[in-house]
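The file model.cif contains mmCIF, C-alpha atoms:
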```cif
data_upload
#
loop_
_atom_site.group_PDB
_atom_site.id
_atom_site.type_symbol
_atom_site.label_atom_id
_atom_site.label_comp_id
_atom_site.auth_asym_id
_atom_site.auth_seq_id
_atom_site.Cartn_x
_atom_site.Cartn_y
_atom_site.Cartn_z
ATOM 1 C CA MET A 24 137.971 86.350 -59.651
ATOM 2 C CA ARG A 25 136.494 88.886 -61.905
ATOM 3 C CA LEU A 26 132.689 89.194 -62.398
ATOM 4 C CA PRO A 27 131.186 90.276 -65.707
ATOM 5 C CA ASN A 28 130.165 93.922 -65.920
ATOM 6 C CA ASN A 29 126.927 93.358 -67.871
ATOM 7 C CA LEU A 30 124.725 92.437 -64.910
ATOM 8 C CA ASP A 31 122.219 95.141 -65.755
ATOM 9 C CA ARG A 32 121.189 93.313 -68.967
ATOM 10 C CA THR A 33 117.653 91.827 -68.717
ATOM 11 C CA PRO A 34 117.200 88.122 -69.421
ATOM 12 C CA ASP A 35 115.480 87.287 -72.720
ATOM 13 C CA ILE A 36 113.163 84.417 -73.557
ATOM 14 C CA ASN A 37 113.740 83.005 -77.007
ATOM 15 C CA VAL A 38 110.238 83.317 -78.455
ATOM 16 C CA VAL A 39 111.199 82.019 -81.898
ATOM 17 C CA ALA A 40 112.025 78.565 -80.539
ATOM 18 C CA LEU A 41 108.785 78.547 -78.553
ATOM 19 C CA ILE A 42 106.753 79.372 -81.679
ATOM 20 C CA ASP A 43 108.521 76.600 -83.627
ATOM 21 C CA VAL A 44 107.613 74.057 -80.954
ATOM 22 C CA LEU A 45 103.979 75.227 -80.870
ATOM 23 C CA PHE A 46 103.675 74.958 -84.654
ATOM 24 C CA ALA A 47 105.161 71.447 -84.565
ATOM 25 C CA ILE A 48 102.605 70.398 -81.926
ATOM 26 C CA LEU A 49 99.789 72.022 -83.919
ATOM 27 C CA ILE A 50 100.805 70.167 -87.092
ATOM 28 C CA PHE A 51 100.959 66.900 -85.133
ATOM 29 C CA PHE A 52 97.401 67.333 -83.851
ATOM 30 C CA ILE A 53 96.068 68.352 -87.267
ATOM 31 C CA ILE A 54 97.560 65.312 -88.976
ATOM 32 C CA THR A 55 96.423 63.008 -86.180
ATOM 33 C CA SER A 56 92.860 64.306 -86.286
ATOM 34 C CA LEU A 57 92.723 63.905 -90.062
ATOM 35 C CA THR A 58 93.783 60.276 -89.866
ATOM 36 C CA LEU A 59 91.272 59.492 -87.100
ATOM 37 C CA THR A 60 88.236 60.730 -88.988
ATOM 38 C CA HIS A 61 86.763 58.072 -91.236
ATOM 39 C CA SER A 62 84.997 59.292 -94.318
ATOM 40 C CA GLU A 63 82.777 57.005 -96.354
ATOM 41 C CA GLY A 64 83.055 59.256 -99.368
ATOM 42 C CA LEU A 65 82.575 62.734 -100.630
ATOM 43 C CA PRO A 66 79.235 64.459 -100.152
ATOM 44 C CA VAL A 67 77.655 64.525 -103.596
ATOM 45 C CA ASN A 68 74.247 65.241 -105.058
ATOM 46 C CA LEU A 69 73.158 62.059 -106.801
ATOM 47 C CA PRO A 70 71.345 62.273 -110.122
ATOM 48 C CA ILE A 71 67.730 61.162 -110.432
ATOM 49 C CA ALA A 72 66.933 58.163 -112.635
ATOM 50 C CA GLY A 73 63.483 56.965 -113.612
ATOM 51 C CA THR A 74 64.538 53.314 -113.800
ATOM 52 C CA GLY A 75 66.599 53.246 -110.613
ATOM 53 C CA LYS A 76 65.786 50.556 -108.058
ATOM 54 C CA SER A 77 66.939 50.158 -104.496
ATOM 55 C CA GLN A 78 68.843 47.021 -103.700
ATOM 56 C CA PRO A 79 66.647 44.578 -101.793
ATOM 57 C CA GLN A 80 67.872 43.782 -98.325
ATOM 58 C CA THR A 81 65.996 41.420 -96.081
ATOM 59 C CA LYS A 82 66.144 42.109 -92.364
ATOM 60 C CA ILE A 83 65.761 39.157 -90.034
ATOM 61 C CA ILE A 84 65.480 39.987 -86.340
ATOM 62 C CA VAL A 85 66.629 37.320 -83.891
ATOM 63 C CA SER A 86 65.360 38.225 -80.426
ATOM 64 C CA ILE A 87 66.503 36.726 -77.141
ATOM 65 C CA ASP A 88 64.502 37.617 -74.040
ATOM 66 C CA ALA A 89 65.763 37.662 -70.446
ATOM 67 C CA GLN A 90 64.786 33.996 -69.910
ATOM 68 C CA GLY A 91 66.809 32.901 -72.964
ATOM 69 C CA SER A 92 63.880 32.241 -75.316
ATOM 70 C CA ILE A 93 64.838 32.726 -78.975
ATOM 71 C CA SER A 94 62.508 34.050 -81.647
ATOM 72 C CA ILE A 95 62.911 35.011 -85.295
ATOM 73 C CA ASN A 96 60.680 37.880 -86.454
ATOM 74 C CA SER A 97 58.453 37.342 -83.361
ATOM 75 C CA LYS A 98 58.133 33.582 -84.030
ATOM 76 C CA SER A 99 59.434 31.414 -81.194
ATOM 77 C CA ILE A 100 62.096 28.825 -82.127
ATOM 78 C CA ASP A 101 64.881 26.871 -80.431
ATOM 79 C CA LEU A 102 68.644 27.022 -81.012
ATOM 80 C CA ILE A 103 68.714 23.823 -83.064
ATOM 81 C CA THR A 104 66.291 25.135 -85.694
ATOM 82 C CA LEU A 105 67.842 28.612 -85.862
ATOM 83 C CA VAL A 106 69.961 28.059 -88.979
ATOM 84 C CA PRO A 107 67.257 26.302 -91.067
ATOM 85 C CA GLN A 108 64.721 29.016 -90.167
ATOM 86 C CA ILE A 109 67.111 31.789 -91.225
ATOM 87 C CA GLN A 110 67.982 29.942 -94.443
ATOM 88 C CA THR A 111 64.299 29.801 -95.413
ATOM 89 C CA LEU A 112 64.026 33.589 -94.969
ATOM 90 C CA ILE A 113 67.120 34.482 -97.020
ATOM 91 C CA THR A 114 66.416 36.165 -100.351
ATOM 92 C CA LYS A 115 68.215 34.794 -103.364
ATOM 93 C CA ASN A 116 69.281 38.010 -105.133
ATOM 94 C CA GLY A 117 69.575 40.455 -102.236
ATOM 95 C CA GLN A 118 71.628 40.697 -99.123
ATOM 96 C CA THR A 119 70.248 39.507 -95.818
ATOM 97 C CA LEU A 120 70.921 41.328 -92.565
ATOM 98 C CA VAL A 121 70.426 39.376 -89.349
ATOM 99 C CA ILE A 122 69.984 41.654 -86.345
ATOM 100 C CA ILE A 123 70.498 40.090 -82.928
ATOM 101 C CA ASN A 124 68.276 41.809 -80.389
ATOM 102 C CA ALA A 125 69.330 40.352 -77.019
ATOM 103 C CA ASP A 126 68.242 41.412 -73.537
ATOM 104 C CA GLU A 127 71.120 42.619 -71.375
ATOM 105 C CA GLN A 128 70.333 39.907 -68.788
ATOM 106 C CA VAL A 129 70.892 37.070 -71.298
ATOM 107 C CA ASN A 130 73.810 34.710 -70.762
ATOM 108 C CA HIS A 131 76.794 35.791 -72.877
ATOM 109 C CA GLY A 132 77.379 32.218 -74.045
ATOM 110 C CA LEU A 133 73.936 32.002 -75.645
ATOM 111 C CA VAL A 134 74.494 35.194 -77.638
ATOM 112 C CA VAL A 135 77.905 33.976 -78.808
ATOM 113 C CA ALA A 136 76.417 30.603 -79.830
ATOM 114 C CA ILE A 137 73.747 32.345 -81.903
ATOM 115 C CA MET A 138 76.326 34.664 -83.489
ATOM 116 C CA ASP A 139 78.531 31.684 -84.358
ATOM 117 C CA ARG A 140 75.667 29.840 -86.040
ATOM 118 C CA VAL A 141 74.554 32.929 -87.999
ATOM 119 C CA ARG A 142 78.091 33.587 -89.247
ATOM 120 C CA GLN A 143 78.222 30.118 -90.793
ATOM 121 C CA ILE A 144 75.376 30.974 -93.184
ATOM 122 C CA GLN A 145 76.547 32.206 -96.605
ATOM 123 C CA GLY A 146 75.346 35.641 -97.780
ATOM 124 C CA VAL A 147 74.297 36.905 -94.359
ATOM 125 C CA LYS A 148 75.533 40.002 -92.581
ATOM 126 C CA LEU A 149 75.340 40.166 -88.802
ATOM 127 C CA ALA A 150 74.426 43.136 -86.607
ATOM 128 C CA ILE A 151 73.737 43.577 -82.904
ATOM 129 C CA ALA A 152 70.975 45.942 -81.800
ATOM 130 C CA THR A 153 71.736 48.419 -79.009
ATOM 131 C CA LYS A 154 70.116 51.478 -77.469
ATOM 132 C CA GLN A 155 71.694 54.904 -77.707
ATOM 133 C CA LYS A 156 72.471 56.756 -74.518
#
```

Go ahead and render the structure in this file as structure tokens.
Amino acid sequence: MRLPNNLDRTPDINVVALIDVLFAILIFFIITSLTLTHSEGLPVNLPIAGTGKSQPQTKIIVSIDAQGSISINSKSIDLITLVPQIQTLITKNGQTLVIINADEQVNHGLVVAIMDRVRQIQGVKLAIATKQK
């Protein structure tokens, strides 16, 4: 058996293929990061108008304490009268935002029942208040 005579040749690493793979991975991460960022719109400087008005939005705060007591805007109510109380506070021409401010010790079922009843009211948006870490 005859061995090749070019044993003194140093092994080479193909750097071109390695660079191609790195660029492919870089492009993948760039495209992925662009699709994950959610932009509401372009940053623009809005013009000033003398007759401009802000859109009225009523905020109704539904609070639930640790014992399960429900109150609307610091006025104590029960679950049965929740929907009629919110309907009396809804503005006719603006949007109404109902914020549920529940203690972390409250039963999950009570919060879900309140959310379900609020969602049945027309023209109301629902939000849940939390604390930032």

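Selection check: the PyMOL selection byres ((chain A and resi 112) around 12) on the shown file gives Gln80, Thr81, Lys82, Ile83, Ile84, Val85, Ile95, Asn96, Leu105, Val106, Pro107, Gln108, Ile109, Gln110, Thr111, Ile113, Thr114, Lys115, Gly117, Gln118, Thr119, Leu120, Val121, Ile144, Gly146 and Val147 of chain A.
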
Checklist entry - Taking only C-alpha atoms into account, which of A:Ala150, A:Gln143, A:Ile93, A:Ala72 comes nearest Val129 of chain A? => result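 Among the listed residues, A:Ile93 lies closest to Val129 of chain A.
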
Checklist entry - Hey, which of A:Gly91, A:Ile123, A:Ala40, A:Lys98 ends up closest to Asp139 of chain A? Count only C-alpha atoms. => result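 Between A:Gly91, A:Ile123, A:Ala40, A:Lys98, the residue approaching Asp139 of chain A most closely is A:Ile123.
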
Next on the checklist: I'd like the interatomic distance between atom CA of Lys154 of chain A and atom CA of Asp101 of chain A, to a tenth of an Å.
Outcome noted: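 So the two atoms, atom CA of Lys154 of chain A and atom CA of Asp101 of chain A, lie 25.3 Å apart.
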
Checklist entry - What does the distance between atom CA of Leu102 of chain A and atom CA of Ile122 of chain A come to in Å, to one decimal place? => result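 Answer for the atom CA of Leu102 of chain A to atom CA of Ile122 of chain A separation: 15.6 Å.
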
Item to check | Shell around Gln90 of chain A at 10 Å using only C-alpha atoms, local window under 5 positions removed, as number ranges by chain | outcome: A: 126, 128-130

Checklist outcome for this item: What separates atom CA of Ile87 of chain A and atom CA of Asn124 of chain A is a distance of 6.3 Å

Item to check | Contact residues around Glu127 of chain A with all atoms listed in the file at 10 Å, ignoring same-chain residues under 4 positions, as a PyMOL selection string | outcome: chain A and resi 87-89+131+153

With C-alpha atoms retained, write the just-selected residues as a compact mmCIF listing (two decimals), in the coordinates of the input.
```txt
# COMPACT_ATOMS: atom_id res chain seq x y z
CA ILE A 87 66.50 36.73 -77.14
CA ASP A 88 64.50 37.62 -74.04
CA ALA A 89 65.76 37.66 -70.45
CA HIS A 131 76.79 35.79 -72.88
CA THR A 153 71.74 48.42 -79.01
```
